[in-house]
Every structure is written in C-alpha cells, then in structure tokens.
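Chemist: Take a look at this one; I'll ask things after.
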Amino acid sequence: MSGFERLRGRRVLCAVSGGADSVYLLHRCVKMRDDGELELCAAHYNHCLRGEESERDERFVRSLCVSLGVELRVGRGDVAAYAQENRLGIEEAARALRYEFLERAADELGCGLILTAHNADDNAETVLMALARGAGPRGLAGIPPERGRILRPMLDVTRAEVESYLAENGVPHVEDSSNESLDYTRNRVRKLVMPVLREINPRFAEAALRSGELLRMDCGSLDRRAAALYEGMEDGRLRLDGLAGGDLSVVTRVIRLMAPRRLSASHVKAVLALIAAGHGEADVPGGRFRAESGYLYVVKPGPGALPERELKVPGLTEIPEAGLRLSAEIAEAPREIHTSLNTFYFQCENICGTIYCASRRDGDRFKVAGRGCTKSVKDLLYERGVPAHERGLVPVLRDGAGVLAVAGCGQAERVMPAAGEKCVVVRVEGPEK
C-alpha cells in the first residue's frame with residue numbers, strides 16, 4: 001500500500017513550508033479531498049531565520065491555502081534564540097520547534113495524521129549522512145515512513161518527479177535560498193555527493209529506499225526478540241546468564257531499552273563489558289548499570305535514602321520514599337512470639353530512649369533474634385536479595401543503643417520480650433489503598 005493510499009478516510013494535517021515538495025504534497029491531498037477520500041487541514045511554521053524571505057514564505061502559504069480552500073494554522077518561533085538557550089544546532093532547534101507546533105496544531109484541528117513532504121531523495125541523503133556518522137542499521141534504514149501519527153507518504157516519490165508534476169500543472173512554489181548554501185551538511189551531500197552516485201546508478205534514491213525497507217524488516221525482528229527479553233525482567237533486573245554469550249544484536253537492544261536515556265556506542269560497549277565480567281558498574285546518561293548476584297539492573301538517580309524520623313508510639317509513621325508506613329502500639333507480648341520479618345515486639349524496659357526510623361549506616365550490626373548470631377545489616381539485605389540501589393530505602397529501626405530491627409530481615413535479640421511483658425509492637429505495612 002502506497003503512502004497516499006493510507007490517507008483514505010482520514011482527517012490529515014499537511015505540513016506546508018511553501019517549497020516544491022510540500023506544495024506537491026498539498027496538491028495531491030487536495031485532489032484526494034475533492035474526490036471525497038480524506039479531510040484536509042494545513043499548517044505552516046515560520047522559523048524566523050531568513051528575515052523577509054521567511055515572511056514571504058508565510059504569505060505565500062496563506063494565499064495558497066485560501067485559493068485551495070484549505071484551513072490553515074500558522075505558528076512562528078525564534079529558532080536562533082531557542083538554539084542558543086538549549087545549546088542546540090540551528091537545524092536541530094528548528095526541527096524541535098516545528099514538530100512541537102505540528103503536534104499542537106493537529107490536536108486543535110482534530111487531525112489523526114500529520115503529513116510531511118520528505119521524498120525519496122531526502123531519504124537517500126539521510127542514509128548517506130548516517131553512513132558518514134557510522135550509524136547502525138536503524139540509522140542506515142533512512143527516514144521511517146511513520147513515527148507516531150507522523151506519516152511521510154512521499155518517500156517513494158523522487159525530487160525529479162515532484163519538479164515534473166509542478167511544471168506540468170503550472171503549480172507555483174517558493175525557493176529557500178538557504179538550500180544553496182554549502183554550510184549545511186545536507187546541502188553538501190545533495191549537491192556534491194548525490195550527483196556522483198546518480199552517475200553510478202540513476203535510480204540510487206529508489207535503491208536506498210529498498211535497502212532501508214530490508215533493514216527495517218530485520219530491525220523489527222531483532223527488536224521483537226529484545227522486547228521479549230526486556231519484558232521478562234524480574235523486579236527491574238535481568239539475569240546475566242540470559243545475556244552473556246547471547247546474540248549481540250539482541251543484547252545491545254535490550255541494553256538500550258533498559259537505559260534511562262539514549263546511549264552512545266561507547267556506553268553500550270561499556271555495559272557489554274560489564275555483562276561479560278559478571279560484576280561491577282558502568283555509568284551511562286541518566287543512571288548507572290550494575291551487575292551483581294547474577295543480575296543486571298539500572299540504578300537511577302533518586303533520593304536513595306530515608307530521612308531520620310521519630311516513630312509515633314502509638315500511631316502511624318509514613319515512609320513515603322519507600323511506599324511504606326509503620327504502625328506502632330503499646331501491648332503485652334503474646335505467649336508465643338513467632339519471629340516475623342515485618343512485625344516486631346520491642347520490650348519497653350530495654351528500649352534506649354526514642355525509637356526512630358532511618359536508612360542503614362555503614363558498620364550497622366546486631367544480634368538477630370532466633371538466629372543466635374550477629375550479622376551486619378549489609379549482609380542481611382544481601383541475603384534477602386535486595387538490590388544495592390534499593391538498600392537505602394529499607395527501613396531500619398533503632399534506638400540510642402543501636403539497631404532494633406530491619407524491615408524484612410528481623411529484629412534484635414536484646415529487645416525480645418517474654419510473654420506478658422509490656423512492649424512496643426511495630427508493623428511494617430504498605431500504603432493505605
């Protein structure tokens with residue numbers, strides 16, 4: 001199914017700059033509208049980069065849409081200022097502001113699709129630029145035919161076909177003078193590289209399109225395999241033995257799925273080395289990969305620790321950082337106390353001062369009731385399988401003499417009451433529903 005056939009029965013927003021490609025796209029859509037095949041709106045974004053020429057383009061698009069009976073939305077922005085404020089290149093800043101405007105305009109006009117006028121030659125140029133950067137298969141596949149609700153129906157139309165159509169039908173358009181400047185990478189590829197490749201293969205643009213389709217097909221298969229692995233994570237962790245020695249094309253995709261932000265090739269390489277070693281850490285944008293105890297997981301920036309809070313006795317003490325609360329009451333110890341990991345009985349006479357809750361401290365140790373041995377809190381959390389990045393969020397109850405209990409791990413023998421003795425009963429609970 002061609003790109004234009006997919007527009008039938010839809011309400012679409014056509015992005016119109018006033019240049020040859022976008023005017024061709026608009027005219028093709030107008031014909032389909034007139035044949036009752038779609039509903040049509042248009043949008044134009046003035047980047048305010050070329051002075052009077054930018055104003056000329058806006059006037060042209062306004063006039064064109066009036067003549068064709070197409071509802072138009074116009075936006076504008078100071079791209080140069082935005083680029084400087086956000087430390088972006090001009091082209092990157094222009095693209096960001098333009099697409100933000102198009103999404104907003106589509107919402108306002110109730111359009112399910114946004115159409116852009118990228119053609120087969122644009123795609124070939126993009127492939128060459130990706131090759132120059134050393135991109136992977138996804139980059140070498142070129143411009144995707146669709147992304148979200150953005151559709152590019154002209155990817156099988158060459159620039160020569162566009163120019164021929166406009167000339168044969170006497171359709172006017174405007175020329176962007178910046179397209180002549182060799183200061184832009186794309187213009188250098190278009191004017192210096194593409195002509196040579198057309199000498200080798202006059203249908204180079206179509207060939208690049210076919211290659212992109214094959215690469216996207218292969219990428220789709222690998223993406224699905226990676227997604228299946230990613231969705232099989234256990235509490236945000238992946239087993240290292242399921243990754244080590246696996247298909248690198250799949251493993252690298254899983255790494256990118258796990259990462260908080262987009263990764264460079266060097267970041268991916270560092271995580272691959274981590275997987276091979278089976279232990280250690282690798283910093284990446286937005287977080288840190290960690291391998292330990294047979295698992296790979298990501299530590300993201302966050303509070304990572306609990307502030308010190310005095311326990312309300314009796315009452316409820318909220319621990320929002322961990323999504324927990326501690327309920328405390330005064331009661332008599334039952335005849336039989338079954339050592340629980342989340343319900344604790346502290347003999348009142350042996351409590352030293354105030355009970356409070358906080359994160360573990362380096363060197364925390366206590367004699368665990370029912371086990372007859374002294375253990376470090378660090379070892380208890382490790383035994384329980386708590387990931388290192390979550391250990392700071394496990395509530396540790398203490399008094400002036402040290403650790404009273406660790407949620408999920410047990411309590412100190414020194415405060416175990418005998419039957420009938422007055423005690424503080426503390427329960428670690430999830431948040432109220």
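Starting from 1 in every chain, residues are counted up; chains themselves are A, B, ... following the order of the structure tokens, and ligands are numbered from 1 as listed.
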Any idea what's packed within 12 Å of Pro307 in chain A, counting only C-alpha atoms, ignoring anything in its chain fewer than 2 positions away? Could you give it as a list of chain:residue names?

Modeler: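 Near Pro307 in chain A, the qualifying residues are A:Pro303, A:Gly304, A:Ala305, A:Arg309, A:Glu310, A:Glu318, A:Ile319, A:Pro320, A:Glu321, A:Ala322, A:Tyr356, A:Cys357, A:Ala358, A:Ser359, A:Arg360, A:Gly392, A:Leu393, A:Val394, A:Pro395, A:Val396.
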
Chemist: Go ahead and dump the residues you just picked, C-alpha atoms, as an mmCIF file, in the first residue's frame.

Modeler:
```cif
data_model
loop_
_atom_site.group_PDB
_atom_site.id
_atom_site.type_symbol
_atom_site.label_atom_id
_atom_site.label_comp_id
_atom_site.auth_asym_id
_atom_site.auth_seq_id
_atom_site.Cartn_x
_atom_site.Cartn_y
_atom_site.Cartn_z
ATOM 1 C CA PRO A 303 16.636 10.070 46.994
ATOM 2 C CA GLY A 304 18.255 6.673 47.684
ATOM 3 C CA ALA A 305 17.982 7.092 51.453
ATOM 4 C CA ARG A 309 12.037 10.050 61.533
ATOM 5 C CA GLU A 310 10.961 9.570 65.118
ATOM 6 C CA GLU A 318 4.613 7.358 56.965
ATOM 7 C CA ILE A 319 7.709 6.420 54.942
ATOM 8 C CA PRO A 320 6.714 7.827 51.520
ATOM 9 C CA GLU A 321 10.154 7.320 49.944
ATOM 10 C CA ALA A 322 9.702 3.551 50.316
ATOM 11 C CA TYR A 356 13.334 6.209 65.142
ATOM 12 C CA CYS A 357 13.479 5.027 61.546
ATOM 13 C CA ALA A 358 16.227 5.747 59.005
ATOM 14 C CA SER A 359 18.398 4.063 56.373
ATOM 15 C CA ARG A 360 21.178 1.678 57.310
ATOM 16 C CA GLY A 392 18.973 2.717 51.275
ATOM 17 C CA LEU A 393 15.159 2.614 51.192
ATOM 18 C CA VAL A 394 14.782 -0.357 53.577
ATOM 19 C CA PRO A 395 13.577 0.970 56.969
ATOM 20 C CA VAL A 396 15.990 0.332 59.847
#
```

Chemist: Output as a list of chain:residue names all residues of range 116-202 of chain A that backbone DSSP marks as strand (DSSP E or B).

Modeler: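 The strand (DSSP E or B) residues within range 116-202 of chain A come out as A:Glu146, A:Arg147, A:Ile150, A:Leu151.
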
Chemist: Kindly export the residues of the current selection with C-alpha atoms, as a CSV table (one decimal), in the first residue's frame.

Modeler:
```
chain,number,residue,atom,x,y,z
A,146,GLU,CA,5.9,6.8,10.0
A,147,ARG,CA,6.6,7.8,13.6
A,150,ILE,CA,3.5,11.5,11.6
A,151,LEU,CA,3.3,9.9,8.2
```

Chemist: Return as a VMD selection string the full set of residues in range 240-372 of chain A whose backbone-based DSSP assignment is alpha helix (DSSP H).

Modeler: chain A and resid 248 to 258 265 to 277

Chemist: Got a sec: who's within 12 Å of Glu234 in chain A, counting only C-alpha atoms, leaving out chain neighbours fewer than 2 positions off, as a list in words?

Modeler: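 Here the answer would be Leu229, Tyr230, Glu231, Gly232, Gly236, Arg237, Leu238, Arg239, Leu240, Tyr295, Leu296, Tyr297, Gly385 and Pro387 of chain A.
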
Chemist: Need to verify the contact set: Leu38 in chain A, 9 Å, only C-alpha atoms, exclusion of same-chain residues closer than 5 positions in sequence. Can you return it as a list in words?

Modeler: Leu7, Arg8, Gly9, Arg10, Arg11, Val12, Cys29, Val30, Met32 and Arg33 of chain A

Chemist: Could you take the residues named above and write them with N, CA and C atoms, as a JSON list (two decimals), in the first residue's frame?

Modeler:
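Saved to part16.json:
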```json
[["chain", "number", "residue", "atom", "x", "y", "z"],
["A", 7, "LEU", "N", -4.02, 7.31, 3.36],
["A", 7, "LEU", "CA", -4.69, 8.52, 3.84],
["A", 7, "LEU", "C", -6.20, 8.44, 3.69],
["A", 8, "ARG", "N", -6.67, 7.47, 2.93],
["A", 8, "ARG", "CA", -8.11, 7.41, 2.64],
["A", 8, "ARG", "C", -8.92, 7.26, 3.92],
["A", 9, "GLY", "N", -9.97, 8.10, 4.01],
["A", 9, "GLY", "CA", -10.88, 8.05, 5.15],
["A", 9, "GLY", "C", -10.35, 8.73, 6.40],
["A", 10, "ARG", "N", -9.21, 9.43, 6.30],
["A", 10, "ARG", "CA", -8.62, 10.06, 7.48],
["A", 10, "ARG", "C", -8.75, 11.58, 7.41],
["A", 11, "ARG", "N", -8.63, 12.20, 8.58],
["A", 11, "ARG", "CA", -8.53, 13.66, 8.66],
["A", 11, "ARG", "C", -7.05, 13.96, 8.90],
["A", 12, "VAL", "N", -6.42, 14.67, 7.95],
["A", 12, "VAL", "CA", -4.97, 14.82, 7.98],
["A", 12, "VAL", "C", -4.56, 16.29, 8.04],
["A", 29, "CYS", "N", -3.01, 15.98, -1.85],
["A", 29, "CYS", "CA", -4.04, 15.81, -0.81],
["A", 29, "CYS", "C", -5.33, 16.55, -1.18],
["A", 30, "VAL", "N", -5.19, 17.72, -1.82],
["A", 30, "VAL", "CA", -6.38, 18.47, -2.25],
["A", 30, "VAL", "C", -7.18, 17.64, -3.26],
["A", 32, "MET", "N", -7.29, 14.40, -3.47],
["A", 32, "MET", "CA", -7.97, 13.33, -2.73],
["A", 32, "MET", "C", -9.15, 13.89, -1.94],
["A", 33, "ARG", "N", -8.99, 15.09, -1.39],
["A", 33, "ARG", "CA", -10.11, 15.72, -0.68],
["A", 33, "ARG", "C", -11.26, 15.97, -1.62]]
```

Chemist: Considering only C-alpha atoms, return as a list in words whatever protein or nucleic-acid residues lie within 12 Å of Arg104 in chain A, sequence-local ones (same chain, fewer than 2 positions apart) excluded.

Modeler: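 Listed by chain and then number, they are Leu13, Ala43, Tyr45, Arg73, Val74, Gly75, Leu97, Arg98, Tyr99, Glu100, Phe101, Leu102, Ala106, Asp107, Glu108, Leu109, Gly110, Cys111, Gly112 and Ile114 of chain A.
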
Chemist: Could you save the residues just selected, with N, CA and C atoms, as a CSV table (one decimal), in the first residue's frame?

Modeler:
```csv
chain,number,residue,atom,x,y,z
A,13,LEU,N,-3.4,16.5,8.6
A,13,LEU,CA,-2.8,17.8,8.7
A,13,LEU,C,-1.5,17.8,7.8
A,43,ALA,N,-0.7,23.3,7.9
A,43,ALA,CA,0.0,24.0,9.0
A,43,ALA,C,1.3,24.5,8.4
A,45,TYR,N,5.0,26.6,9.7
A,45,TYR,CA,5.7,27.1,10.8
A,45,TYR,C,6.8,28.1,10.3
A,73,ARG,N,-3.3,26.5,9.9
A,73,ARG,CA,-2.8,27.0,11.1
A,73,ARG,C,-1.3,27.5,10.9
A,74,VAL,N,-1.0,28.7,11.5
A,74,VAL,CA,0.4,29.2,11.3
A,74,VAL,C,1.0,29.4,12.7
A,75,GLY,N,2.2,29.0,12.8
A,75,GLY,CA,3.0,29.2,14.0
A,75,GLY,C,4.3,29.9,13.7
A,97,LEU,N,11.1,22.7,17.4
A,97,LEU,CA,10.0,23.7,17.5
A,97,LEU,C,9.0,23.4,16.4
A,98,ARG,N,9.4,23.0,15.2
A,98,ARG,CA,8.4,22.7,14.2
A,98,ARG,C,7.5,21.6,14.5
A,99,TYR,N,8.1,20.5,15.0
A,99,TYR,CA,7.3,19.3,15.3
A,99,TYR,C,6.4,19.5,16.5
A,100,GLU,N,6.9,20.3,17.5
A,100,GLU,CA,6.0,20.6,18.6
A,100,GLU,C,4.8,21.4,18.2
A,101,PHE,N,5.0,22.3,17.2
A,101,PHE,CA,3.9,23.1,16.7
A,101,PHE,C,2.9,22.2,15.9
A,102,LEU,N,3.5,21.3,15.1
A,102,LEU,CA,2.6,20.4,14.3
A,102,LEU,C,1.7,19.6,15.2
A,106,ALA,N,-2.3,19.7,15.2
A,106,ALA,CA,-3.1,18.6,14.9
A,106,ALA,C,-4.1,18.3,16.0
A,107,ASP,N,-3.8,18.5,17.2
A,107,ASP,CA,-4.7,18.4,18.3
A,107,ASP,C,-5.8,19.4,18.2
A,108,GLU,N,-5.5,20.6,17.9
A,108,GLU,CA,-6.5,21.7,17.8
A,108,GLU,C,-7.5,21.4,16.7
A,109,LEU,N,-7.0,20.9,15.6
A,109,LEU,CA,-7.8,20.7,14.4
A,109,LEU,C,-8.4,19.3,14.3
A,110,GLY,N,-8.1,18.4,15.3
A,110,GLY,CA,-8.7,17.1,15.3
A,110,GLY,C,-8.2,16.2,14.2
A,111,CYS,N,-6.9,16.3,13.9
A,111,CYS,CA,-6.3,15.5,12.8
A,111,CYS,C,-5.6,14.3,13.4
A,112,GLY,N,-5.9,13.1,12.8
A,112,GLY,CA,-5.2,11.9,13.3
A,112,GLY,C,-3.9,11.7,12.7
A,114,ILE,N,-0.3,13.5,10.8
A,114,ILE,CA,0.5,14.7,10.3
A,114,ILE,C,1.3,14.3,9.2
```

Chemist: As an exercise, work out the distance from CA of Arg216 in chain A to CA of Ala282 in chain A in Å and give it to one decimal place.

Modeler: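 CA of Ala282 in chain A lies at a distance of 29.8 Å from CA of Arg216 in chain A.
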
Chemist: Which residues, written as a list in words, have at least one atom at most 7 Å from Thr116 in chain A, with only C-alpha atoms counted and residues fewer than 6 positions away on the same chain left out?

Modeler: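 Answer for this query is Cys14, Ala15, Leu151 and Arg152 of chain A.
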
Chemist: If we count only C-alpha atoms and set the cut-off at 12 Å, which residues sit around Asn123 in chain A, ignoring sequence neighbours fewer than 3 positions away in its own chain? Please answer as an MDAnalysis selection string.

Modeler: chainID A and resid 117:120 126:130 139:145 152 154:159 186 189:190 194 204:213

Chemist: Using only C-alpha atoms, pick whichever of A:Gly77, A:Gly3, A:Gly280, A:Pro417 has the shortest atom-to-atom distance to Leu49 in chain A.

Modeler: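 Nearest to Leu49 in chain A: A:Gly77.
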
Chemist: What separation in Å, quoted to one decimal, exists between CA of Glu53 in chain A and CA of Ser177 in chain A?

Modeler: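 Computed distance, CA of Glu53 in chain A to CA of Ser177 in chain A, equals 8.3 Å.
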
Chemist: Do you have the CA of Arg133 in chain A-CA of Val193 in chain A distance handy?

Modeler: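 It comes out at 15.3 Å.
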
Chemist: Go through A:Pro260, A:Gly287, A:Arg253, A:Glu429 and flag the residue nearest Leu272 in chain A, using only C-alpha atoms for the distances.

Modeler: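 When distances to Leu272 in chain A are compared using only C-alpha atoms, the smallest one comes from A:Arg253.
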